[in-house]
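Undergrad: So that you have it, the file is upload-v6.pdb, and it contains PDB, N, CA and C atoms and all ligand atoms:
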```pdb
ATOM      1  N   MET A   1       0.839  -1.196   0.000
ATOM      2  CA  MET A   1       0.000   0.000   0.000
ATOM      3  C   MET A   1       0.875   1.247   0.000
ATOM      4  N   ALA A   2       0.550   2.187  -0.823
ATOM      5  CA  ALA A   2       1.304   3.433  -0.897
ATOM      6  C   ALA A   2       0.357   4.617  -0.725
ATOM      7  N   ILE A   3       0.928   5.706  -0.247
ATOM      8  CA  ILE A   3       0.136   6.931  -0.106
ATOM      9  C   ILE A   3       0.366   7.792  -1.351
ATOM     10  N   ILE A   4      -0.714   8.122  -2.028
ATOM     11  CA  ILE A   4      -0.619   8.995  -3.194
ATOM     12  C   ILE A   4      -1.458  10.239  -2.925
ATOM     13  N   SER A   5      -1.321  11.251  -3.759
ATOM     14  CA  SER A   5      -2.186  12.414  -3.589
ATOM     15  C   SER A   5      -3.289  12.358  -4.642
ATOM     16  N   CYS A   6      -4.505  12.653  -4.202
ATOM     17  CA  CYS A   6      -5.667  12.610  -5.081
ATOM     18  C   CYS A   6      -5.468  13.595  -6.231
ATOM     19  N   PRO A   7      -5.692  13.165  -7.493
ATOM     20  CA  PRO A   7      -5.475  14.072  -8.614
ATOM     21  C   PRO A   7      -6.424  15.276  -8.626
ATOM     22  N   GLN A   8      -7.551  15.168  -7.929
ATOM     23  CA  GLN A   8      -8.493  16.282  -7.951
ATOM     24  C   GLN A   8      -8.328  17.223  -6.756
ATOM     25  N   CYS A   9      -8.363  16.663  -5.502
ATOM     26  CA  CYS A   9      -8.331  17.553  -4.332
ATOM     27  C   CYS A   9      -6.943  17.629  -3.708
ATOM     28  N   GLN A  10      -5.957  16.862  -4.230
ATOM     29  CA  GLN A  10      -4.557  16.892  -3.784
ATOM     30  C   GLN A  10      -4.349  16.368  -2.371
ATOM     31  N   LYS A  11      -5.393  15.764  -1.738
ATOM     32  CA  LYS A  11      -5.204  15.237  -0.383
ATOM     33  C   LYS A  11      -4.580  13.853  -0.460
ATOM     34  N   SER A  12      -3.893  13.458   0.630
ATOM     35  CA  SER A  12      -3.227  12.165   0.654
ATOM     36  C   SER A  12      -4.249  11.050   0.835
ATOM     37  N   ILE A  13      -4.172  10.038  -0.050
ATOM     38  CA  ILE A  13      -5.049   8.876   0.062
ATOM     39  C   ILE A  13      -4.236   7.625  -0.237
ATOM     40  N   SER A  14      -4.774   6.458   0.103
ATOM     41  CA  SER A  14      -4.121   5.197  -0.209
ATOM     42  C   SER A  14      -4.342   4.870  -1.686
ATOM     43  N   ASP A  15      -3.346   4.204  -2.309
ATOM     44  CA  ASP A  15      -3.520   3.844  -3.716
ATOM     45  C   ASP A  15      -4.493   2.680  -3.891
ATOM     46  N   LYS A  16      -4.940   2.105  -2.776
ATOM     47  CA  LYS A  16      -5.927   1.019  -2.848
ATOM     48  C   LYS A  16      -7.359   1.550  -2.999
ATOM     49  N   HIS A  17      -7.569   2.817  -2.714
ATOM     50  CA  HIS A  17      -8.910   3.386  -2.836
ATOM     51  C   HIS A  17      -9.346   3.407  -4.299
ATOM     52  N   THR A  18     -10.598   3.023  -4.548
ATOM     53  CA  THR A  18     -11.125   3.139  -5.909
ATOM     54  C   THR A  18     -11.823   4.477  -6.096
ATOM     55  N   ALA A  19     -12.128   5.156  -4.969
ATOM     56  CA  ALA A  19     -12.686   6.502  -5.030
ATOM     57  C   ALA A  19     -12.068   7.314  -3.914
ATOM     58  N   CYS A  20     -11.855   8.598  -4.149
ATOM     59  CA  CYS A  20     -11.251   9.455  -3.128
ATOM     60  C   CYS A  20     -12.250   9.655  -1.992
ATOM     61  N   PRO A  21     -11.852   9.382  -0.731
ATOM     62  CA  PRO A  21     -12.775   9.581   0.392
ATOM     63  C   PRO A  21     -13.047  11.052   0.701
ATOM     64  N   HIS A  22     -12.237  11.947   0.152
ATOM     65  CA  HIS A  22     -12.430  13.378   0.427
ATOM     66  C   HIS A  22     -13.359  14.037  -0.589
ATOM     67  N   CYS A  23     -13.122  13.794  -1.891
ATOM     68  CA  CYS A  23     -13.919  14.485  -2.905
ATOM     69  C   CYS A  23     -14.783  13.534  -3.716
ATOM     70  N   ASN A  24     -14.705  12.216  -3.427
ATOM     71  CA  ASN A  24     -15.574  11.206  -4.045
ATOM     72  C   ASN A  24     -15.332  10.987  -5.529
ATOM     73  N   ILE A  25     -14.196  11.432  -6.058
ATOM     74  CA  ILE A  25     -13.925  11.171  -7.468
ATOM     75  C   ILE A  25     -13.555   9.696  -7.650
ATOM     76  N   THR A  26     -14.043   9.071  -8.709
ATOM     77  CA  THR A  26     -13.761   7.663  -8.972
ATOM     78  C   THR A  26     -12.379   7.522  -9.597
ATOM     79  N   LEU A  27     -11.504   6.725  -8.960
ATOM     80  CA  LEU A  27     -10.137   6.574  -9.437
ATOM     81  C   LEU A  27      -9.907   5.215 -10.058
ATOM     82  N   GLY A  28     -10.778   4.251  -9.790
ATOM     83  CA  GLY A  28     -10.574   2.868 -10.208
ATOM     84  C   GLY A  28     -10.408   2.707 -11.705
ATOM     85  N   ASP A  29     -11.254   3.388 -12.489
ATOM     86  CA  ASP A  29     -11.198   3.206 -13.939
ATOM     87  C   ASP A  29     -10.375   4.282 -14.629
ATOM     88  N   MET A  30      -9.469   4.935 -13.864
ATOM     89  CA  MET A  30      -8.659   6.004 -14.431
ATOM     90  C   MET A  30      -7.232   5.505 -14.603
ATOM     91  N   ASP A  31      -6.643   5.656 -15.794
ATOM     92  CA  ASP A  31      -5.242   5.240 -15.948
ATOM     93  C   ASP A  31      -4.310   6.388 -15.533
ATOM     94  N   ALA A  32      -3.012   6.120 -15.534
ATOM     95  CA  ALA A  32      -2.034   7.097 -15.045
ATOM     96  C   ALA A  32      -2.100   8.401 -15.831
ATOM     97  N   ASN A  33      -2.344   8.264 -17.146
ATOM     98  CA  ASN A  33      -2.443   9.446 -18.003
ATOM     99  C   ASN A  33      -3.613  10.342 -17.606
ATOM    100  N   ALA A  34      -4.763   9.721 -17.407
ATOM    101  CA  ALA A  34      -5.961  10.482 -17.047
ATOM    102  C   ALA A  34      -5.770  11.159 -15.696
ATOM    103  N   LYS A  35      -5.130  10.453 -14.750
ATOM    104  CA  LYS A  35      -4.859  11.042 -13.427
ATOM    105  C   LYS A  35      -3.927  12.242 -13.566
ATOM    106  N   GLN A  36      -2.898  12.091 -14.409
ATOM    107  CA  GLN A  36      -1.939  13.173 -14.626
ATOM    108  C   GLN A  36      -2.628  14.403 -15.230
ATOM    109  N   ARG A  37      -3.498  14.147 -16.224
ATOM    110  CA  ARG A  37      -4.226  15.257 -16.868
ATOM    111  C   ARG A  37      -5.118  15.978 -15.868
ATOM    112  N   LEU A  38      -5.847  15.179 -15.054
ATOM    113  CA  LEU A  38      -6.746  15.767 -14.057
ATOM    114  C   LEU A  38      -5.952  16.586 -13.041
ATOM    115  N   ALA A  39      -4.787  16.035 -12.618
ATOM    116  CA  ALA A  39      -3.970  16.737 -11.625
ATOM    117  C   ALA A  39      -3.474  18.069 -12.170
ATOM    118  N   SER A  40      -3.022  18.069 -13.444
ATOM    119  CA  SER A  40      -2.493  19.333 -13.984
ATOM    120  C   SER A  40      -3.625  20.317 -14.249
ATOM    121  N   ARG A  41      -4.832  19.809 -14.599
ATOM    122  CA  ARG A  41      -5.960  20.722 -14.800
ATOM    123  C   ARG A  41      -6.380  21.348 -13.467
ATOM    124  N   THR A  42      -6.393  20.538 -12.393
ATOM    125  CA  THR A  42      -6.739  21.057 -11.064
ATOM    126  C   THR A  42      -5.744  22.127 -10.639
ATOM    127  N   LYS A  43      -4.444  21.852 -10.904
ATOM    128  CA  LYS A  43      -3.407  22.810 -10.535
ATOM    129  C   LYS A  43      -3.581  24.121 -11.307
ATOM    130  N   MET A  44      -3.910  24.007 -12.602
ATOM    131  CA  MET A  44      -4.151  25.194 -13.425
ATOM    132  C   MET A  44      -5.319  26.015 -12.858
ATOM    133  N   GLN A  45      -6.393  25.313 -12.461
ATOM    134  CA  GLN A  45      -7.565  26.012 -11.932
ATOM    135  C   GLN A  45      -7.225  26.720 -10.616
ATOM    136  N   GLN A  46      -6.443  26.033  -9.754
ATOM    137  CA  GLN A  46      -6.036  26.661  -8.489
ATOM    138  C   GLN A  46      -5.191  27.901  -8.767
ATOM    139  N   HIS A  47      -4.262  27.763  -9.722
ATOM    140  CA  HIS A  47      -3.397  28.874 -10.078
ATOM    141  C   HIS A  47      -4.223  30.049 -10.602
ATOM    142  N   GLN A  48      -5.183  29.752 -11.494
ATOM    143  CA  GLN A  48      -6.030  30.791 -12.073
ATOM    144  C   GLN A  48      -6.862  31.482 -10.992
ATOM    145  N   SER A  49      -7.405  30.685 -10.077
ATOM    146  CA  SER A  49      -8.217  31.245  -8.989
ATOM    147  C   SER A  49      -7.386  32.190  -8.116
ATOM    148  N   LEU A  50      -6.137  31.787  -7.819
ATOM    149  CA  LEU A  50      -5.262  32.643  -7.005
ATOM    150  C   LEU A  50      -4.895  33.918  -7.757
ATOM    151  N   MET A  51      -4.693  33.804  -9.078
ATOM    152  CA  MET A  51      -4.376  34.988  -9.872
ATOM    153  C   MET A  51      -5.561  35.960  -9.872
ATOM    154  N   ASN A  52      -6.785  35.416 -10.007
ATOM    155  CA  ASN A  52      -7.978  36.266  -9.974
ATOM    156  C   ASN A  52      -8.112  36.963  -8.622
ATOM    157  N   GLN A  53      -7.874  36.205  -7.547
ATOM    158  CA  GLN A  53      -7.972  36.795  -6.212
ATOM    159  C   GLN A  53      -6.917  37.874  -6.006
ATOM    160  N   SER A  54      -5.701  37.648  -6.546
ATOM    161  CA  SER A  54      -4.647  38.664  -6.452
ATOM    162  C   SER A  54      -5.089  39.937  -7.150
ATOM    163  N   PHE A  55      -5.740  39.771  -8.322
ATOM    164  CA  PHE A  55      -6.191  40.916  -9.100
ATOM    165  C   PHE A  55      -7.258  41.705  -8.331
ATOM    166  N   ILE A  56      -8.217  40.994  -7.731
ATOM    167  CA  ILE A  56      -9.277  41.661  -6.958
ATOM    168  C   ILE A  56      -8.654  42.392  -5.761
ATOM    169  N   ALA A  57      -7.674  41.746  -5.096
ATOM    170  CA  ALA A  57      -7.016  42.366  -3.947
ATOM    171  C   ALA A  57      -6.304  43.648  -4.364
ATOM    172  N   LEU A  58      -5.664  43.592  -5.544
ATOM    173  CA  LEU A  58      -4.957  44.763  -6.056
ATOM    174  C   LEU A  58      -5.934  45.898  -6.355
ATOM    175  N   LEU A  59      -7.111  45.547  -6.944
ATOM    176  CA  LEU A  59      -8.131  46.556  -7.235
ATOM    177  C   LEU A  59      -8.642  47.186  -5.946
ATOM    178  N   LEU A  60      -8.836  46.363  -4.921
ATOM    179  CA  LEU A  60      -9.310  46.847  -3.621
ATOM    180  C   LEU A  60      -8.315  47.853  -3.044
ATOM    181  N   PHE A  61      -7.026  47.485  -3.105
ATOM    182  CA  PHE A  61      -5.970  48.360  -2.604
ATOM    183  C   PHE A  61      -5.950  49.677  -3.381
ATOM    184  N   LEU A  62      -5.946  49.558  -4.728
ATOM    185  CA  LEU A  62      -5.894  50.757  -5.562
ATOM    186  C   LEU A  62      -7.123  51.630  -5.364
ATOM    187  N   GLY A  63      -8.312  50.991  -5.277
ATOM    188  CA  GLY A  63      -9.560  51.732  -5.068
ATOM    189  C   GLY A  63      -9.498  52.556  -3.793
ATOM    190  N   GLY A  64      -9.085  51.915  -2.685
ATOM    191  CA  GLY A  64      -8.989  52.610  -1.406
ATOM    192  C   GLY A  64      -7.994  53.752  -1.468
ATOM    193  N   PHE A  65      -6.861  53.470  -2.129
ATOM    194  CA  PHE A  65      -5.804  54.476  -2.218
ATOM    195  C   PHE A  65      -6.244  55.680  -3.054
ATOM    196  N   LEU A  66      -6.881  55.409  -4.201
ATOM    197  CA  LEU A  66      -7.272  56.499  -5.105
ATOM    198  C   LEU A  66      -8.383  57.353  -4.503
ATOM    199  N   VAL A  67      -9.350  56.729  -3.824
ATOM    200  CA  VAL A  67     -10.413  57.503  -3.173
ATOM    201  C   VAL A  67      -9.798  58.397  -2.094
ATOM    202  N   LEU A  68      -8.846  57.835  -1.337
ATOM    203  CA  LEU A  68      -8.169  58.603  -0.295
ATOM    204  C   LEU A  68      -7.415  59.789  -0.907
ATOM    205  N   TYR A  69      -6.790  59.555  -2.065
ATOM    206  CA  TYR A  69      -5.964  60.569  -2.704
ATOM    207  C   TYR A  69      -6.806  61.685  -3.327
ATOM    208  N   TRP A  70      -7.926  61.304  -4.003
ATOM    209  CA  TRP A  70      -8.698  62.293  -4.743
ATOM    210  C   TRP A  70      -9.827  62.921  -3.940
ATOM    211  N   GLN A  71     -10.478  62.132  -3.084
ATOM    212  CA  GLN A  71     -11.652  62.644  -2.382
ATOM    213  C   GLN A  71     -11.288  63.345  -1.071
ATOM    214  N   HIS A  72     -10.113  63.059  -0.535
ATOM    215  CA  HIS A  72      -9.690  63.604   0.766
ATOM    216  C   HIS A  72     -10.804  63.518   1.805
ATOM    217  N   PRO A  73     -11.209  62.289   2.188
ATOM    218  CA  PRO A  73     -12.285  62.158   3.184
ATOM    219  C   PRO A  73     -11.894  62.811   4.517
ATOM    220  N   THR A  74     -12.891  63.375   5.196
ATOM    221  CA  THR A  74     -12.651  64.033   6.474
ATOM    222  C   THR A  74     -11.999  63.049   7.453
ATOM    223  N   PRO A  75     -10.904  63.482   8.154
ATOM    224  CA  PRO A  75     -10.281  62.572   9.134
ATOM    225  C   PRO A  75     -11.296  62.115  10.171
ATOM    226  N   GLY A  76     -11.310  60.817  10.435
ATOM    227  CA  GLY A  76     -12.226  60.256  11.423
ATOM    228  C   GLY A  76     -13.572  59.878  10.859
ATOM    229  N   SER A  77     -13.837  60.205   9.577
ATOM    230  CA  SER A  77     -15.130  59.854   8.986
ATOM    231  C   SER A  77     -15.137  58.378   8.581
ATOM    232  N   TRP A  78     -16.352  57.848   8.315
ATOM    233  CA  TRP A  78     -16.422  56.431   7.921
ATOM    234  C   TRP A  78     -15.792  56.219   6.559
ATOM    235  N   GLN A  79     -15.798  57.289   5.710
ATOM    236  CA  GLN A  79     -15.186  57.137   4.390
ATOM    237  C   GLN A  79     -13.682  56.882   4.515
ATOM    238  N   GLN A  80     -13.046  57.626   5.453
ATOM    239  CA  GLN A  80     -11.617  57.436   5.641
ATOM    240  C   GLN A  80     -11.315  56.037   6.196
ATOM    241  N   THR A  81     -12.140  55.621   7.167
ATOM    242  CA  THR A  81     -11.971  54.281   7.734
ATOM    243  C   THR A  81     -12.141  53.229   6.640
ATOM    244  N   ALA A  82     -13.150  53.414   5.757
ATOM    245  CA  ALA A  82     -13.385  52.454   4.675
ATOM    246  C   ALA A  82     -12.184  52.393   3.737
ATOM    247  N   CYS A  83     -11.577  53.556   3.442
ATOM    248  CA  CYS A  83     -10.396  53.587   2.569
ATOM    249  C   CYS A  83      -9.229  52.824   3.194
ATOM    250  N   TYR A  84      -8.959  53.107   4.481
ATOM    251  CA  TYR A  84      -7.861  52.414   5.151
ATOM    252  C   TYR A  84      -8.121  50.924   5.233
ATOM    253  N   THR A  85      -9.391  50.550   5.489
ATOM    254  CA  THR A  85      -9.735  49.128   5.556
ATOM    255  C   THR A  85      -9.495  48.468   4.201
ATOM    256  N   ALA A  86      -9.941  49.129   3.109
ATOM    257  CA  ALA A  86      -9.761  48.563   1.764
ATOM    258  C   ALA A  86      -8.280  48.406   1.451
ATOM    259  N   ILE A  87      -7.469  49.411   1.798
ATOM    260  CA  ILE A  87      -6.027  49.337   1.546
ATOM    261  C   ILE A  87      -5.403  48.189   2.341
ATOM    262  N   GLY A  88      -5.756  48.115   3.634
ATOM    263  CA  GLY A  88      -5.201  47.072   4.501
ATOM    264  C   GLY A  88      -5.584  45.682   4.031
ATOM    265  N   VAL A  89      -6.878  45.481   3.780
ATOM    266  CA  VAL A  89      -7.349  44.165   3.329
ATOM    267  C   VAL A  89      -6.723  43.814   1.983
ATOM    268  N   GLY A  90      -6.652  44.808   1.078
ATOM    269  CA  GLY A  90      -6.067  44.571  -0.247
ATOM    270  C   GLY A  90      -4.622  44.111  -0.154
ATOM    271  N   VAL A  91      -3.815  44.813   0.665
ATOM    272  CA  VAL A  91      -2.391  44.464   0.795
ATOM    273  C   VAL A  91      -2.228  43.068   1.390
ATOM    274  N   VAL A  92      -2.948  42.813   2.504
ATOM    275  CA  VAL A  92      -2.804  41.514   3.178
ATOM    276  C   VAL A  92      -3.260  40.386   2.254
ATOM    277  N   TRP A  93      -4.421  40.574   1.613
ATOM    278  CA  TRP A  93      -4.965  39.539   0.713
ATOM    279  C   TRP A  93      -4.012  39.275  -0.440
ATOM    280  N   TYR A  94      -3.441  40.354  -1.010
ATOM    281  CA  TYR A  94      -2.514  40.210  -2.127
ATOM    282  C   TYR A  94      -1.275  39.419  -1.699
ATOM    283  N   LEU A  95      -0.708  39.787  -0.538
ATOM    284  CA  LEU A  95       0.501  39.099  -0.075
ATOM    285  C   LEU A  95       0.220  37.633   0.230
ATOM    286  N   VAL A  96      -0.932  37.359   0.865
ATOM    287  CA  VAL A  96      -1.301  35.973   1.169
ATOM    288  C   VAL A  96      -1.398  35.172  -0.132
ATOM    289  N   ASN A  97      -2.001  35.768  -1.163
ATOM    290  CA  ASN A  97      -2.139  35.073  -2.448
ATOM    291  C   ASN A  97      -0.793  34.817  -3.095
ATOM    292  N   ARG A  98       0.144  35.773  -2.992
ATOM    293  CA  ARG A  98       1.475  35.554  -3.572
ATOM    294  C   ARG A  98       2.161  34.373  -2.888
ATOM    295  N   VAL A  99       2.046  34.312  -1.536
ATOM    296  CA  VAL A  99       2.665  33.214  -0.793
ATOM    297  C   VAL A  99       2.019  31.887  -1.201
ATOM    298  N   ARG A 100       0.670  31.888  -1.327
ATOM    299  CA  ARG A 100      -0.014  30.653  -1.728
ATOM    300  C   ARG A 100       0.413  30.216  -3.129
ATOM    301  N   LEU A 101       0.663  31.176  -4.022
ATOM    302  CA  LEU A 101       1.122  30.836  -5.375
ATOM    303  C   LEU A 101       2.505  30.183  -5.332
ATOM    304  N   VAL A 102       3.380  30.726  -4.472
ATOM    305  CA  VAL A 102       4.722  30.148  -4.345
ATOM    306  C   VAL A 102       4.626  28.713  -3.848
ATOM    307  N   PHE A 103       3.769  28.482  -2.833
ATOM    308  CA  PHE A 103       3.616  27.131  -2.287
ATOM    309  C   PHE A 103       2.999  26.190  -3.327
ATOM    310  N   LEU A 104       2.056  26.705  -4.128
ATOM    311  CA  LEU A 104       1.429  25.873  -5.167
ATOM    312  C   LEU A 104       2.458  25.448  -6.195
ATOM    313  N   LYS A 105       3.380  26.350  -6.558
ATOM    314  CA  LYS A 105       4.417  26.021  -7.528
ATOM    315  C   LYS A 105       5.410  25.019  -6.944
ATOM    316  N   ARG A 106       5.738  25.211  -5.645
ATOM    317  CA  ARG A 106       6.737  24.382  -5.017
ATOM    318  C   ARG A 106       6.226  22.943  -4.807
ATOM    319  N   LYS A 107       4.891  22.824  -4.605
ATOM    320  CA  LYS A 107       4.299  21.529  -4.268
ATOM    321  C   LYS A 107       4.447  20.528  -5.407
ATOM    322  N   ASN A 108       4.464  21.012  -6.649
ATOM    323  CA  ASN A 108       4.477  20.073  -7.775
ATOM    324  C   ASN A 108       5.838  20.070  -8.511
TER     325      ASN A 108
HETATM  326 ZN    ZN B 201      -9.938  13.795  -3.747
END
```
Written as structure tokens, how would this file's structure read?
Ligand SMILES: [Zn+2]
TA:
Amino acid sequence: MAIISCPQCQKSISDKHTACPHCNITLGDMDANAKQRLASRTKMQQHQSLMNQSFIALLLFLGGFLVLYWQHPTPGSWQQTACYTAIGVGVVWYLVNRVRLVFLKRKN
């Protein structure tokens, strides 16, 4: 018995399983080629999803920054708080996504 990673959800499973206990994908009638294709497609989708999230985070950061720069919200107003929140969330989300992308690349 060997431990392999599920081609769809990437979780560790036994190679004796005919279906993944985590995501229920049927593995029994899949050859090595089909598993490889599914694994690389899943990785592509994860990569694309992280890229989209990075883009949204960047827009959030830029939006907060530009409103702060052009509108000059009154100090202490909710608009100013919203701008700082958008900038903070955007930066943190963007950095988290970059780290996740590095780990996704390193994993395979
Ligand atoms: Zn699975």
Undergrad: Could you spell out the hits of the PyMOL selection byres (((not hetatm) and name CA) within 9 of (chain B and resi 201)) on the shown file, as a list in words?
TA: Ser5, Cys6, Pro7, Gln8, Cys9, Gln10, Lys11, Ser12, Ile13, Ala19, Cys20, Pro21, His22, Cys23, Asn24, Ile25 and Thr26 of chain A
Undergrad: Take the selection from the previous step and output its residues with N, CA and C atoms, as a CSV table (one decimal), in the frame of the given file.
TA:
```
chain,number,residue,atom,x,y,z
A,5,SER,N,-1.3,11.3,-3.8
A,5,SER,CA,-2.2,12.4,-3.6
A,5,SER,C,-3.3,12.4,-4.6
A,6,CYS,N,-4.5,12.7,-4.2
A,6,CYS,CA,-5.7,12.6,-5.1
A,6,CYS,C,-5.5,13.6,-6.2
A,7,PRO,N,-5.7,13.2,-7.5
A,7,PRO,CA,-5.5,14.1,-8.6
A,7,PRO,C,-6.4,15.3,-8.6
A,8,GLN,N,-7.6,15.2,-7.9
A,8,GLN,CA,-8.5,16.3,-8.0
A,8,GLN,C,-8.3,17.2,-6.8
A,9,CYS,N,-8.4,16.7,-5.5
A,9,CYS,CA,-8.3,17.6,-4.3
A,9,CYS,C,-6.9,17.6,-3.7
A,10,GLN,N,-6.0,16.9,-4.2
A,10,GLN,CA,-4.6,16.9,-3.8
A,10,GLN,C,-4.3,16.4,-2.4
A,11,LYS,N,-5.4,15.8,-1.7
A,11,LYS,CA,-5.2,15.2,-0.4
A,11,LYS,C,-4.6,13.9,-0.5
A,12,SER,N,-3.9,13.5,0.6
A,12,SER,CA,-3.2,12.2,0.7
A,12,SER,C,-4.2,11.0,0.8
A,13,ILE,N,-4.2,10.0,0.0
A,13,ILE,CA,-5.0,8.9,0.1
A,13,ILE,C,-4.2,7.6,-0.2
A,19,ALA,N,-12.1,5.2,-5.0
A,19,ALA,CA,-12.7,6.5,-5.0
A,19,ALA,C,-12.1,7.3,-3.9
A,20,CYS,N,-11.9,8.6,-4.1
A,20,CYS,CA,-11.3,9.5,-3.1
A,20,CYS,C,-12.2,9.7,-2.0
A,21,PRO,N,-11.9,9.4,-0.7
A,21,PRO,CA,-12.8,9.6,0.4
A,21,PRO,C,-13.0,11.1,0.7
A,22,HIS,N,-12.2,11.9,0.2
A,22,HIS,CA,-12.4,13.4,0.4
A,22,HIS,C,-13.4,14.0,-0.6
A,23,CYS,N,-13.1,13.8,-1.9
A,23,CYS,CA,-13.9,14.5,-2.9
A,23,CYS,C,-14.8,13.5,-3.7
A,24,ASN,N,-14.7,12.2,-3.4
A,24,ASN,CA,-15.6,11.2,-4.0
A,24,ASN,C,-15.3,11.0,-5.5
A,25,ILE,N,-14.2,11.4,-6.1
A,25,ILE,CA,-13.9,11.2,-7.5
A,25,ILE,C,-13.6,9.7,-7.6
A,26,THR,N,-14.0,9.1,-8.7
A,26,THR,CA,-13.8,7.7,-9.0
A,26,THR,C,-12.4,7.5,-9.6
```
Undergrad: What does the distance from atom CA of Val92 of chain A to atom CA of Ala57 of chain A come to in Å, to one decimal?
TA: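 Computed distance, atom CA of Val92 of chain A to atom CA of Ala57 of chain A, equals 8.3 Å.
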Undergrad: Might you spell out which residues the PyMOL selection byres (((chain A and resi 65-69) around 7) and not hetatm) would select in the displayed file, as a count of residues only?
TA: 14
Undergrad: Please enumerate the residues selected by the PyMOL selection byres (((chain A and resi 28 and name CA) around 9) and not hetatm and name CA) when evaluated against the supplied file, formatted as a PDB file with N, CA and C atoms, in the frame of the given file.
TA:
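The result, stored in selection_4.pdb:
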```pdb
ATOM      1  N   LYS A  16      -4.940   2.105  -2.776  1.00  0.00           N
ATOM      2  CA  LYS A  16      -5.927   1.019  -2.848  1.00  0.00           C
ATOM      3  C   LYS A  16      -7.359   1.550  -2.999  1.00  0.00           C
ATOM      4  N   HIS A  17      -7.569   2.817  -2.714  1.00  0.00           N
ATOM      5  CA  HIS A  17      -8.910   3.386  -2.836  1.00  0.00           C
ATOM      6  C   HIS A  17      -9.346   3.407  -4.299  1.00  0.00           C
ATOM      7  N   THR A  18     -10.598   3.023  -4.548  1.00  0.00           N
ATOM      8  CA  THR A  18     -11.125   3.139  -5.909  1.00  0.00           C
ATOM      9  C   THR A  18     -11.823   4.477  -6.096  1.00  0.00           C
ATOM     10  N   ALA A  19     -12.128   5.156  -4.969  1.00  0.00           N
ATOM     11  CA  ALA A  19     -12.686   6.502  -5.030  1.00  0.00           C
ATOM     12  C   ALA A  19     -12.068   7.314  -3.914  1.00  0.00           C
ATOM     13  N   THR A  26     -14.043   9.071  -8.709  1.00  0.00           N
ATOM     14  CA  THR A  26     -13.761   7.663  -8.972  1.00  0.00           C
ATOM     15  C   THR A  26     -12.379   7.522  -9.597  1.00  0.00           C
ATOM     16  N   LEU A  27     -11.504   6.725  -8.960  1.00  0.00           N
ATOM     17  CA  LEU A  27     -10.137   6.574  -9.437  1.00  0.00           C
ATOM     18  C   LEU A  27      -9.907   5.215 -10.058  1.00  0.00           C
ATOM     19  N   ASP A  29     -11.254   3.388 -12.489  1.00  0.00           N
ATOM     20  CA  ASP A  29     -11.198   3.206 -13.939  1.00  0.00           C
ATOM     21  C   ASP A  29     -10.375   4.282 -14.629  1.00  0.00           C
ATOM     22  N   MET A  30      -9.469   4.935 -13.864  1.00  0.00           N
ATOM     23  CA  MET A  30      -8.659   6.004 -14.431  1.00  0.00           C
ATOM     24  C   MET A  30      -7.232   5.505 -14.603  1.00  0.00           C
ATOM     25  N   ASP A  31      -6.643   5.656 -15.794  1.00  0.00           N
ATOM     26  CA  ASP A  31      -5.242   5.240 -15.948  1.00  0.00           C
ATOM     27  C   ASP A  31      -4.310   6.388 -15.533  1.00  0.00           C
TER      28      ASP A  31
END
```
Undergrad: For the atom pair atom C of Met51 of chain A and atom N of Gly90 of chain A, what is the interatomic distance in Å to one decimal place?
TA: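 These two atoms are separated by 14.1 Å.
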Undergrad: So which bits of chain A end up helix (DSSP H, G or I) when you DSSP the backbone, as number ranges by chain?
TA: A: 32-71, 78-107
Undergrad: With a distance cut-off of 12 Å and only C-alpha atoms, select the neighbouring residues of segment 40-47 of chain A, excluding the residue or stretch itself and same-chain residues fewer than 5 positions from it, and output the selection as a list in words.
TA: Cys6, Pro7, Gln8, Cys9, Gln10, Asn33, Ala34, Lys35, Asn52, Gln53, Ser54, Asn97, Arg98, Val99, Arg100, Leu101, Val102, Phe103, Leu104, Lys105, Arg106, Lys107 and Asn108 of chain A
Undergrad: Any idea what the distance is between atom CA of Gly88 of chain A and atom CA of Ile56 of chain A?
TA: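 These atoms are spaced 13.3 Å apart.
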Undergrad: Write out as a count of residues only the set of residues from chain A that DSSP, computed on the backbone, places in strand (DSSP E or B).
TA: 8
Undergrad: List the spatial neighbours of Ala2 of chain A as an MDAnalysis selection string - criterion: any atom at most 5 Å away, only N, CA and C atoms, same-chain residues fewer than 2 positions off excluded.
TA: chainID A and resid 4 14:15
Undergrad: Centre and edge lengths, as lines of an AutoDock Vina configuration file, for the axis-aligned box enclosing every listed atom of segment 7-20 of chain A with 3 Å of padding on each of the six sides, in Å to one decimal?
TA:
```
center_x = -8.0
center_y = 9.3
center_z = -3.9
size_x = 15.5
size_y = 22.6
size_z = 15.5
```
